[in-house]
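The data block below is entry_4.pdb; it holds PDB, N, CA and C atoms.
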```
ATOM      1  N   MET A1134     -23.588  16.152  17.613
ATOM      2  CA  MET A1134     -23.747  16.209  19.052
ATOM      3  C   MET A1134     -24.679  17.368  19.396
ATOM      4  N   LYS A1135     -25.658  17.090  20.186
ATOM      5  CA  LYS A1135     -26.633  18.107  20.586
ATOM      6  C   LYS A1135     -26.343  18.578  22.002
ATOM      7  N   VAL A1136     -26.148  19.861  22.137
ATOM      8  CA  VAL A1136     -25.987  20.491  23.441
ATOM      9  C   VAL A1136     -27.058  21.574  23.505
ATOM     10  N   GLY A1137     -27.945  21.463  24.482
ATOM     11  CA  GLY A1137     -29.085  22.372  24.580
ATOM     12  C   GLY A1137     -28.707  23.840  24.567
ATOM     13  N   GLU A1138     -27.672  24.181  25.303
ATOM     14  CA  GLU A1138     -27.256  25.588  25.378
ATOM     15  C   GLU A1138     -26.749  26.096  24.034
ATOM     16  N   ILE A1139     -26.121  25.224  23.268
ATOM     17  CA  ILE A1139     -25.629  25.626  21.949
ATOM     18  C   ILE A1139     -26.809  25.889  21.013
ATOM     19  N   GLU A1140     -27.819  25.024  21.098
ATOM     20  CA  GLU A1140     -29.019  25.221  20.284
ATOM     21  C   GLU A1140     -29.716  26.530  20.661
ATOM     22  N   GLU A1141     -29.773  26.820  21.961
ATOM     23  CA  GLU A1141     -30.380  28.074  22.421
ATOM     24  C   GLU A1141     -29.577  29.279  21.940
ATOM     25  N   LEU A1142     -28.257  29.173  22.004
ATOM     26  CA  LEU A1142     -27.394  30.259  21.552
ATOM     27  C   LEU A1142     -27.589  30.507  20.061
ATOM     28  N   ARG A1143     -27.661  29.439  19.319
ATOM     29  CA  ARG A1143     -27.870  29.548  17.870
ATOM     30  C   ARG A1143     -29.193  30.256  17.572
ATOM     31  N   ALA A1144     -30.271  29.840  18.264
ATOM     32  CA  ALA A1144     -31.588  30.452  18.075
ATOM     33  C   ALA A1144     -31.570  31.929  18.490
ATOM     34  N   LEU A1145     -30.886  32.227  19.580
ATOM     35  CA  LEU A1145     -30.793  33.605  20.052
ATOM     36  C   LEU A1145     -30.051  34.479  19.042
ATOM     37  N   CYS A1146     -28.979  33.957  18.477
ATOM     38  CA  CYS A1146     -28.221  34.714  17.469
ATOM     39  C   CYS A1146     -29.078  34.963  16.224
ATOM     40  N   GLU A1147     -29.853  33.966  15.836
ATOM     41  CA  GLU A1147     -30.752  34.159  14.696
ATOM     42  C   GLU A1147     -31.776  35.247  15.001
ATOM     43  N   GLU A1148     -32.300  35.220  16.215
ATOM     44  CA  GLU A1148     -33.279  36.221  16.657
ATOM     45  C   GLU A1148     -32.678  37.629  16.645
ATOM     46  N   LEU A1149     -31.411  37.729  17.015
ATOM     47  CA  LEU A1149     -30.731  39.027  17.053
ATOM     48  C   LEU A1149     -30.207  39.455  15.681
ATOM     49  N   GLY A1150     -30.302  38.571  14.688
ATOM     50  CA  GLY A1150     -29.813  38.892  13.350
ATOM     51  C   GLY A1150     -28.317  38.720  13.192
ATOM     52  N   GLU A1151     -27.703  37.974  14.075
ATOM     53  CA  GLU A1151     -26.251  37.746  14.044
ATOM     54  C   GLU A1151     -25.952  36.498  13.208
ATOM     55  N   THR A1152     -26.165  36.592  11.906
ATOM     56  CA  THR A1152     -26.008  35.436  11.026
ATOM     57  C   THR A1152     -24.553  34.971  10.911
ATOM     58  N   ALA A1153     -23.623  35.869  11.006
ATOM     59  CA  ALA A1153     -22.207  35.493  10.939
ATOM     60  C   ALA A1153     -21.837  34.624  12.142
ATOM     61  N   ILE A1154     -22.393  34.927  13.288
ATOM     62  CA  ILE A1154     -22.108  34.132  14.488
ATOM     63  C   ILE A1154     -22.744  32.750  14.364
ATOM     64  N   VAL A1155     -23.936  32.685  13.783
ATOM     65  CA  VAL A1155     -24.596  31.390  13.578
ATOM     66  C   VAL A1155     -23.707  30.483  12.725
ATOM     67  N   ALA A1156     -23.140  31.044  11.676
ATOM     68  CA  ALA A1156     -22.249  30.263  10.808
ATOM     69  C   ALA A1156     -21.023  29.784  11.572
ATOM     70  N   ARG A1157     -20.482  30.619  12.444
ATOM     71  CA  ARG A1157     -19.308  30.226  13.240
ATOM     72  C   ARG A1157     -19.654  29.125  14.239
ATOM     73  N   ILE A1158     -20.845  29.230  14.827
ATOM     74  CA  ILE A1158     -21.293  28.190  15.762
ATOM     75  C   ILE A1158     -21.382  26.849  15.036
ATOM     76  N   ASP A1159     -22.032  26.863  13.879
ATOM     77  CA  ASP A1159     -22.183  25.625  13.098
ATOM     78  C   ASP A1159     -20.825  25.021  12.744
ATOM     79  N   SER A1160     -19.899  25.867  12.331
ATOM     80  CA  SER A1160     -18.557  25.385  11.971
ATOM     81  C   SER A1160     -17.835  24.792  13.168
ATOM     82  N   PHE A1161     -17.915  25.459  14.296
ATOM     83  CA  PHE A1161     -17.225  24.987  15.493
ATOM     84  C   PHE A1161     -17.811  23.661  15.975
ATOM     85  N   VAL A1162     -19.126  23.527  15.923
ATOM     86  CA  VAL A1162     -19.775  22.286  16.333
ATOM     87  C   VAL A1162     -19.335  21.146  15.423
ATOM     88  N   LYS A1163     -19.330  21.375  14.114
ATOM     89  CA  LYS A1163     -18.915  20.334  13.171
ATOM     90  C   LYS A1163     -17.457  19.943  13.389
ATOM     91  N   LEU A1164     -16.622  20.913  13.635
ATOM     92  CA  LEU A1164     -15.215  20.646  13.883
ATOM     93  C   LEU A1164     -15.035  19.736  15.097
ATOM     94  N   ASN A1165     -15.806  19.979  16.136
ATOM     95  CA  ASN A1165     -15.676  19.215  17.372
ATOM     96  C   ASN A1165     -16.355  17.857  17.320
ATOM     97  N   GLU A1166     -17.339  17.696  16.449
ATOM     98  CA  GLU A1166     -18.029  16.408  16.344
ATOM     99  C   GLU A1166     -17.062  15.301  15.943
ATOM    100  N   GLY A1167     -16.100  15.612  15.113
ATOM    101  CA  GLY A1167     -15.120  14.623  14.685
ATOM    102  C   GLY A1167     -14.196  14.172  15.802
ATOM    103  N   LEU A1168     -14.081  14.961  16.835
ATOM    104  CA  LEU A1168     -13.180  14.633  17.948
ATOM    105  C   LEU A1168     -13.877  13.870  19.069
ATOM    106  N   GLU A1169     -15.185  13.745  18.985
ATOM    107  CA  GLU A1169     -15.947  13.139  20.076
ATOM    108  C   GLU A1169     -15.482  11.717  20.400
ATOM    109  N   SER A1170     -15.215  10.916  19.379
ATOM    110  CA  SER A1170     -14.802   9.531  19.626
ATOM    111  C   SER A1170     -13.410   9.458  20.259
ATOM    112  N   LYS A1171     -12.572  10.452  20.004
ATOM    113  CA  LYS A1171     -11.211  10.449  20.553
ATOM    114  C   LYS A1171     -11.145  11.050  21.953
ATOM    115  N   ARG A1172     -11.881  12.108  22.159
ATOM    116  CA  ARG A1172     -11.779  12.851  23.416
ATOM    117  C   ARG A1172     -12.887  12.533  24.418
ATOM    118  N   GLY A1173     -14.033  12.074  23.946
ATOM    119  CA  GLY A1173     -15.156  11.805  24.833
ATOM    120  C   GLY A1173     -16.190  12.907  24.759
ATOM    121  N   LYS A1174     -17.414  12.518  25.017
ATOM    122  CA  LYS A1174     -18.541  13.442  24.898
ATOM    123  C   LYS A1174     -18.429  14.642  25.841
ATOM    124  N   GLU A1175     -18.106  14.383  27.101
ATOM    125  CA  GLU A1175     -18.045  15.477  28.077
ATOM    126  C   GLU A1175     -16.924  16.469  27.767
ATOM    127  N   PHE A1176     -15.814  15.980  27.275
ATOM    128  CA  PHE A1176     -14.704  16.866  26.926
ATOM    129  C   PHE A1176     -15.113  17.803  25.787
ATOM    130  N   ILE A1177     -15.803  17.264  24.785
ATOM    131  CA  ILE A1177     -16.265  18.079  23.661
ATOM    132  C   ILE A1177     -17.336  19.050  24.117
ATOM    133  N   GLU A1178     -18.213  18.594  25.000
ATOM    134  CA  GLU A1178     -19.243  19.477  25.546
ATOM    135  C   GLU A1178     -18.603  20.646  26.284
ATOM    136  N   LEU A1179     -17.554  20.378  27.033
ATOM    137  CA  LEU A1179     -16.820  21.433  27.727
ATOM    138  C   LEU A1179     -16.244  22.437  26.733
ATOM    139  N   SER A1180     -15.687  21.937  25.658
ATOM    140  CA  SER A1180     -15.134  22.801  24.617
ATOM    141  C   SER A1180     -16.216  23.680  23.996
ATOM    142  N   LEU A1181     -17.354  23.071  23.689
ATOM    143  CA  LEU A1181     -18.463  23.825  23.087
ATOM    144  C   LEU A1181     -19.001  24.885  24.045
ATOM    145  N   LEU A1182     -19.105  24.527  25.314
ATOM    146  CA  LEU A1182     -19.616  25.492  26.299
ATOM    147  C   LEU A1182     -18.636  26.646  26.506
ATOM    148  N   GLY A1183     -17.348  26.367  26.457
ATOM    149  CA  GLY A1183     -16.354  27.441  26.562
ATOM    150  C   GLY A1183     -16.452  28.396  25.392
ATOM    151  N   PHE A1184     -16.635  27.842  24.205
ATOM    152  CA  PHE A1184     -16.821  28.648  23.000
ATOM    153  C   PHE A1184     -18.087  29.498  23.131
ATOM    154  N   ALA A1185     -19.171  28.876  23.574
ATOM    155  CA  ALA A1185     -20.444  29.583  23.742
ATOM    156  C   ALA A1185     -20.317  30.697  24.783
ATOM    157  N   GLU A1186     -19.583  30.430  25.844
ATOM    158  CA  GLU A1186     -19.405  31.436  26.892
ATOM    159  C   GLU A1186     -18.699  32.672  26.333
ATOM    160  N   GLY A1187     -17.677  32.458  25.530
ATOM    161  CA  GLY A1187     -16.968  33.588  24.917
ATOM    162  C   GLY A1187     -17.870  34.398  24.000
ATOM    163  N   LEU A1188     -18.672  33.710  23.200
ATOM    164  CA  LEU A1188     -19.603  34.412  22.314
ATOM    165  C   LEU A1188     -20.627  35.203  23.115
ATOM    166  N   LEU A1189     -21.132  34.587  24.181
ATOM    167  CA  LEU A1189     -22.149  35.261  24.995
ATOM    168  C   LEU A1189     -21.596  36.485  25.727
ATOM    169  N   VAL A1190     -20.346  36.444  26.133
ATOM    170  CA  VAL A1190     -19.727  37.628  26.753
ATOM    171  C   VAL A1190     -19.707  38.777  25.746
ATOM    172  N   SER A1191     -19.345  38.461  24.504
ATOM    173  CA  SER A1191     -19.334  39.487  23.459
ATOM    174  C   SER A1191     -20.741  40.000  23.171
ATOM    175  N   LEU A1192     -21.698  39.075  23.123
ATOM    176  CA  LEU A1192     -23.083  39.486  22.862
ATOM    177  C   LEU A1192     -23.644  40.337  24.004
ATOM    178  N   ARG A1193     -23.243  40.025  25.237
ATOM    179  CA  ARG A1193     -23.725  40.821  26.377
ATOM    180  C   ARG A1193     -23.197  42.259  26.304
ATOM    181  N   ARG A1194     -21.974  42.414  25.801
ATOM    182  CA  ARG A1194     -21.427  43.766  25.625
ATOM    183  C   ARG A1194     -22.172  44.521  24.533
ATOM    184  N   LYS A1195     -22.537  43.798  23.478
ATOM    185  CA  LYS A1195     -23.230  44.416  22.353
ATOM    186  C   LYS A1195     -24.703  44.680  22.668
ATOM    187  N   TYR A1196     -25.319  43.785  23.454
ATOM    188  CA  TYR A1196     -26.739  43.897  23.810
ATOM    189  C   TYR A1196     -26.892  43.865  25.336
ATOM    190  N   PRO A1197     -26.425  44.909  26.026
ATOM    191  CA  PRO A1197     -26.437  44.871  27.499
ATOM    192  C   PRO A1197     -27.844  44.804  28.104
ATOM    193  N   GLU A1198     -28.843  45.244  27.378
ATOM    194  CA  GLU A1198     -30.206  45.253  27.899
ATOM    195  C   GLU A1198     -30.955  43.946  27.649
ATOM    196  N   ASN A1199     -30.387  43.045  26.886
ATOM    197  CA  ASN A1199     -31.068  41.810  26.515
ATOM    198  C   ASN A1199     -30.948  40.772  27.639
ATOM    199  N   GLU A1200     -32.085  40.486  28.282
ATOM    200  CA  GLU A1200     -32.120  39.535  29.398
ATOM    201  C   GLU A1200     -31.813  38.103  28.958
ATOM    202  N   LYS A1201     -32.227  37.740  27.742
ATOM    203  CA  LYS A1201     -31.977  36.375  27.251
ATOM    204  C   LYS A1201     -30.489  36.085  27.160
ATOM    205  N   VAL A1202     -29.728  37.078  26.720
ATOM    206  CA  VAL A1202     -28.279  36.915  26.600
ATOM    207  C   VAL A1202     -27.671  36.714  27.992
ATOM    208  N   SER A1203     -28.065  37.557  28.948
ATOM    209  CA  SER A1203     -27.518  37.467  30.306
ATOM    210  C   SER A1203     -27.872  36.148  30.980
ATOM    211  N   GLU A1204     -29.127  35.705  30.829
ATOM    212  CA  GLU A1204     -29.564  34.461  31.457
ATOM    213  C   GLU A1204     -28.837  33.257  30.861
ATOM    214  N   LEU A1205     -28.709  33.235  29.536
ATOM    215  CA  LEU A1205     -28.023  32.126  28.887
ATOM    216  C   LEU A1205     -26.536  32.111  29.266
ATOM    217  N   LEU A1206     -25.930  33.280  29.345
ATOM    218  CA  LEU A1206     -24.530  33.370  29.756
ATOM    219  C   LEU A1206     -24.350  32.797  31.161
ATOM    220  N   LYS A1207     -25.236  33.110  32.055
ATOM    221  CA  LYS A1207     -25.146  32.614  33.428
ATOM    222  C   LYS A1207     -25.235  31.084  33.456
ATOM    223  N   ARG A1208     -26.186  30.519  32.738
ATOM    224  CA  ARG A1208     -26.357  29.064  32.713
ATOM    225  C   ARG A1208     -25.170  28.368  32.062
ATOM    226  N   VAL A1209     -24.689  28.915  30.945
ATOM    227  CA  VAL A1209     -23.546  28.329  30.241
ATOM    228  C   VAL A1209     -22.304  28.378  31.126
ATOM    229  N   SER A1210     -22.085  29.502  31.789
ATOM    230  CA  SER A1210     -20.910  29.638  32.669
ATOM    231  C   SER A1210     -20.945  28.624  33.805
ATOM    232  N   GLU A1211     -22.117  28.445  34.400
ATOM    233  CA  GLU A1211     -22.250  27.494  35.508
ATOM    234  C   GLU A1211     -22.011  26.062  35.033
ATOM    235  N   ARG A1212     -22.597  25.716  33.915
ATOM    236  CA  ARG A1212     -22.445  24.352  33.381
ATOM    237  C   ARG A1212     -21.004  24.085  32.956
ATOM    238  N   ARG A1213     -20.375  25.076  32.336
ATOM    239  CA  ARG A1213     -18.979  24.916  31.927
ATOM    240  C   ARG A1213     -18.082  24.739  33.151
ATOM    241  N   ALA A1214     -18.341  25.502  34.195
ATOM    242  CA  ALA A1214     -17.542  25.398  35.421
ATOM    243  C   ALA A1214     -17.691  24.010  36.052
ATOM    244  N   GLU A1215     -18.896  23.447  36.028
ATOM    245  CA  GLU A1215     -19.118  22.100  36.558
ATOM    246  C   GLU A1215     -18.299  21.070  35.785
ATOM    247  N   LEU A1216     -18.373  21.143  34.466
ATOM    248  CA  LEU A1216     -17.618  20.193  33.641
ATOM    249  C   LEU A1216     -16.117  20.408  33.781
ATOM    250  N   ASP A1217     -15.705  21.652  33.914
ATOM    251  CA  ASP A1217     -14.291  21.972  34.052
ATOM    252  C   ASP A1217     -13.716  21.326  35.313
ATOM    253  N   GLU A1218     -14.497  21.285  36.377
ATOM    254  CA  GLU A1218     -14.056  20.664  37.630
ATOM    255  C   GLU A1218     -13.714  19.190  37.427
ATOM    256  N   ARG A1219     -14.484  18.513  36.590
ATOM    257  CA  ARG A1219     -14.258  17.081  36.349
ATOM    258  C   ARG A1219     -12.933  16.816  35.638
ATOM    259  N   PHE A1220     -12.523  17.754  34.798
ATOM    260  CA  PHE A1220     -11.326  17.543  33.998
ATOM    261  C   PHE A1220     -10.072  18.168  34.600
ATOM    262  N   ARG A1221     -10.232  18.939  35.630
ATOM    263  CA  ARG A1221      -9.086  19.583  36.265
ATOM    264  C   ARG A1221      -8.263  18.541  37.002
ATOM    265  N   LYS A1222      -6.990  18.563  36.769
ATOM    266  CA  LYS A1222      -6.103  17.598  37.426
ATOM    267  C   LYS A1222      -5.809  18.085  38.843
ATOM    268  N   PRO A1223      -5.810  17.164  39.804
ATOM    269  CA  PRO A1223      -5.503  17.573  41.177
ATOM    270  C   PRO A1223      -4.035  17.987  41.295
ATOM    271  N   LYS A1224      -3.792  18.934  42.169
ATOM    272  CA  LYS A1224      -2.423  19.392  42.398
ATOM    273  C   LYS A1224      -1.710  18.360  43.268
ATOM    274  N   PRO A1225      -0.478  18.067  42.935
ATOM    275  CA  PRO A1225       0.261  17.073  43.735
ATOM    276  C   PRO A1225       0.591  17.635  45.119
ATOM    277  N   PRO A1226       0.455  16.802  46.137
ATOM    278  CA  PRO A1226       0.775  17.258  47.499
ATOM    279  C   PRO A1226       2.278  17.298  47.718
ATOM    280  N   LEU A1227       2.907  18.397  47.416
ATOM    281  CA  LEU A1227       4.359  18.513  47.468
ATOM    282  C   LEU A1227       4.928  18.441  48.892
ATOM    283  N   PHE A1228       4.271  19.106  49.806
ATOM    284  CA  PHE A1228       4.842  19.203  51.149
ATOM    285  C   PHE A1228       4.001  18.512  52.189
ATOM    286  N   GLU A1229       3.285  17.495  51.789
ATOM    287  CA  GLU A1229       2.512  16.721  52.731
ATOM    288  C   GLU A1229       3.435  15.673  53.333
ATOM    289  N   ASN A1230       3.538  15.546  54.642
ATOM    290  CA  ASN A1230       4.435  14.616  55.330
ATOM    291  C   ASN A1230       5.904  14.829  54.942
ATOM    292  N   PRO A1231       6.486  15.952  55.229
ATOM    293  CA  PRO A1231       7.911  16.194  54.870
ATOM    294  C   PRO A1231       8.853  15.520  55.866
ATOM    295  N   GLU A1232       8.903  14.224  55.869
ATOM    296  CA  GLU A1232       9.752  13.488  56.819
ATOM    297  C   GLU A1232      11.137  13.270  56.306
TER
END
```
Encoded form (structure tokens):
Amino acid sequence: MKVGEIEELRALCEELGETAIVARIDSFVKLNEGLESKRGKEFIELSLLGFAEGLLVSLRRKYPENEKVSELLKRVSERRAELDERFRKPKPPLFENPE
């Protein structure tokens, strides 16, 4: 499964010399690829973006001056939030029409 932000994150980690993180990204992507047929593409994409967001938060702390990290984090967070809205279950109307 190809997710543009994941590919960008992988390239950014390689650029920063974070080879251990690249290996973790690859492992996490492979782990989730097997679940795509069961859970659906968007659900897996949400999972990958959440993982990427966590990594980018850590990278932003380590490289606070790096604009690429901050920009990618912003885009990943926004995209993850959009997908998260689709999967969020509506709250039941408990006290609507209390007759």
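Picture a line from atom CA of A:Ser1210 to atom CA of A:Leu1142; it runs 12.9 Å.
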For atom CA of A:Asn1165 and atom N of A:Ile1177, the interatomic separation in Å (one decimal):
7.7 Å
List every residue of chain A that DSSP, applied to the backbone of this structure, places in helix (DSSP H, G or I), and write the result as number ranges by chain.
A: 1137-1149, 1152-1166, 1169-1172, 1174-1195, 1200-1220
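When only N, CA and C atoms are used to measure the gap to A:Leu1206, the shortest distance among A:Lys1163, A:Ile1158, A:Leu1188, A:Glu1218 belongs to A:Leu1188.
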Would you kindly translate the PyMOL selection byres (((chain A and resi 1140 and name CA) around 12) and name CA) into the concrete residues it picks from this file, as a JSON list (two decimals) with N, CA and C atoms, in the frame of the given file?
```json
[["chain", "number", "residue", "atom", "x", "y", "z"],
["A", 1134, "MET", "N", -23.59, 16.15, 17.61],
["A", 1134, "MET", "CA", -23.75, 16.21, 19.05],
["A", 1134, "MET", "C", -24.68, 17.37, 19.40],
["A", 1135, "LYS", "N", -25.66, 17.09, 20.19],
["A", 1135, "LYS", "CA", -26.63, 18.11, 20.59],
["A", 1135, "LYS", "C", -26.34, 18.58, 22.00],
["A", 1136, "VAL", "N", -26.15, 19.86, 22.14],
["A", 1136, "VAL", "CA", -25.99, 20.49, 23.44],
["A", 1136, "VAL", "C", -27.06, 21.57, 23.50],
["A", 1137, "GLY", "N", -27.94, 21.46, 24.48],
["A", 1137, "GLY", "CA", -29.08, 22.37, 24.58],
["A", 1137, "GLY", "C", -28.71, 23.84, 24.57],
["A", 1138, "GLU", "N", -27.67, 24.18, 25.30],
["A", 1138, "GLU", "CA", -27.26, 25.59, 25.38],
["A", 1138, "GLU", "C", -26.75, 26.10, 24.03],
["A", 1139, "ILE", "N", -26.12, 25.22, 23.27],
["A", 1139, "ILE", "CA", -25.63, 25.63, 21.95],
["A", 1139, "ILE", "C", -26.81, 25.89, 21.01],
["A", 1141, "GLU", "N", -29.77, 26.82, 21.96],
["A", 1141, "GLU", "CA", -30.38, 28.07, 22.42],
["A", 1141, "GLU", "C", -29.58, 29.28, 21.94],
["A", 1142, "LEU", "N", -28.26, 29.17, 22.00],
["A", 1142, "LEU", "CA", -27.39, 30.26, 21.55],
["A", 1142, "LEU", "C", -27.59, 30.51, 20.06],
["A", 1143, "ARG", "N", -27.66, 29.44, 19.32],
["A", 1143, "ARG", "CA", -27.87, 29.55, 17.87],
["A", 1143, "ARG", "C", -29.19, 30.26, 17.57],
["A", 1144, "ALA", "N", -30.27, 29.84, 18.26],
["A", 1144, "ALA", "CA", -31.59, 30.45, 18.08],
["A", 1144, "ALA", "C", -31.57, 31.93, 18.49],
["A", 1145, "LEU", "N", -30.89, 32.23, 19.58],
["A", 1145, "LEU", "CA", -30.79, 33.60, 20.05],
["A", 1145, "LEU", "C", -30.05, 34.48, 19.04],
["A", 1146, "CYS", "N", -28.98, 33.96, 18.48],
["A", 1146, "CYS", "CA", -28.22, 34.71, 17.47],
["A", 1146, "CYS", "C", -29.08, 34.96, 16.22],
["A", 1147, "GLU", "N", -29.85, 33.97, 15.84],
["A", 1147, "GLU", "CA", -30.75, 34.16, 14.70],
["A", 1147, "GLU", "C", -31.78, 35.25, 15.00],
["A", 1155, "VAL", "N", -23.94, 32.68, 13.78],
["A", 1155, "VAL", "CA", -24.60, 31.39, 13.58],
["A", 1155, "VAL", "C", -23.71, 30.48, 12.72],
["A", 1158, "ILE", "N", -20.84, 29.23, 14.83],
["A", 1158, "ILE", "CA", -21.29, 28.19, 15.76],
["A", 1158, "ILE", "C", -21.38, 26.85, 15.04],
["A", 1159, "ASP", "N", -22.03, 26.86, 13.88],
["A", 1159, "ASP", "CA", -22.18, 25.62, 13.10],
["A", 1159, "ASP", "C", -20.82, 25.02, 12.74],
["A", 1162, "VAL", "N", -19.13, 23.53, 15.92],
["A", 1162, "VAL", "CA", -19.77, 22.29, 16.33],
["A", 1162, "VAL", "C", -19.34, 21.15, 15.42],
["A", 1181, "LEU", "N", -17.35, 23.07, 23.69],
["A", 1181, "LEU", "CA", -18.46, 23.82, 23.09],
["A", 1181, "LEU", "C", -19.00, 24.88, 24.04],
["A", 1182, "LEU", "N", -19.10, 24.53, 25.31],
["A", 1182, "LEU", "CA", -19.62, 25.49, 26.30],
["A", 1182, "LEU", "C", -18.64, 26.65, 26.51],
["A", 1185, "ALA", "N", -19.17, 28.88, 23.57],
["A", 1185, "ALA", "CA", -20.44, 29.58, 23.74],
["A", 1185, "ALA", "C", -20.32, 30.70, 24.78],
["A", 1205, "LEU", "N", -28.71, 33.24, 29.54],
["A", 1205, "LEU", "CA", -28.02, 32.13, 28.89],
["A", 1205, "LEU", "C", -26.54, 32.11, 29.27],
["A", 1209, "VAL", "N", -24.69, 28.92, 30.94],
["A", 1209, "VAL", "CA", -23.55, 28.33, 30.24],
["A", 1209, "VAL", "C", -22.30, 28.38, 31.13]]
```
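Going from atom N of A:Arg1221 to atom C of A:Gly1183 covers 15.3 Å.
Proximity of A:Arg1208, A:Lys1195, A:Lys1201, A:Arg1213 to A:Phe1176, computed with only C-alpha atoms, is greatest for A:Arg1213.
Nearest-residue note for A:Gly1187: choosing from A:Glu1175, A:Gly1167, A:Lys1207, A:Arg1219, the minimum distance belongs to A:Lys1207, counting only C-alpha atoms.
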Give me stretch 1172-1215 of chain A from this structure - C-alpha atoms, as a compact mmCIF listing (two decimals), in the first residue's frame.
```
# COMPACT_ATOMS: atom_id res chain seq x y z
CA ARG A 1172 -10.09 -3.68 7.62
CA GLY A 1173 -10.22 -1.64 4.41
CA LYS A 1174 -7.80 0.72 2.76
CA GLU A 1175 -8.85 3.88 4.59
CA PHE A 1176 -8.67 2.22 8.00
CA ILE A 1177 -5.10 1.06 7.32
CA GLU A 1178 -4.20 4.48 5.95
CA LEU A 1179 -5.47 6.00 9.20
CA SER A 1180 -3.30 3.60 11.17
CA LEU A 1181 -0.23 4.43 9.09
CA LEU A 1182 -0.82 8.17 9.40
CA GLY A 1183 -1.19 7.87 13.18
CA PHE A 1184 2.10 6.00 13.34
CA ALA A 1185 3.74 8.62 11.11
CA GLU A 1186 2.37 11.44 13.26
CA GLY A 1187 3.95 9.93 16.37
CA LEU A 1188 7.30 9.55 14.65
CA LEU A 1189 7.16 13.11 13.33
CA VAL A 1190 6.42 14.52 16.80
CA SER A 1191 9.57 12.79 18.05
CA LEU A 1192 11.57 14.00 15.06
CA ARG A 1193 10.36 17.58 15.60
CA ARG A 1194 11.68 17.44 19.17
CA LYS A 1195 15.01 16.11 17.94
CA TYR A 1196 15.24 18.50 14.96
CA PRO A 1197 13.28 21.61 16.02
CA GLU A 1198 14.88 23.77 13.32
CA ASN A 1199 14.04 21.42 10.44
CA GLU A 1200 11.18 22.93 8.39
CA LYS A 1201 10.59 19.70 6.43
CA VAL A 1202 9.76 17.84 9.63
CA SER A 1203 7.33 20.55 10.79
CA GLU A 1204 5.60 20.85 7.41
CA LEU A 1205 5.19 17.09 7.03
CA LEU A 1206 3.88 16.81 10.59
CA LYS A 1207 1.26 19.46 9.87
CA ARG A 1208 0.06 17.72 6.69
CA VAL A 1209 0.02 14.26 8.30
CA SER A 1210 -1.90 15.55 11.33
CA GLU A 1211 -4.52 17.22 9.13
CA ARG A 1212 -4.97 14.17 6.92
CA ARG A 1213 -5.16 11.82 9.90
CA ALA A 1214 -7.78 14.04 11.54
CA GLU A 1215 -9.89 13.97 8.35
```
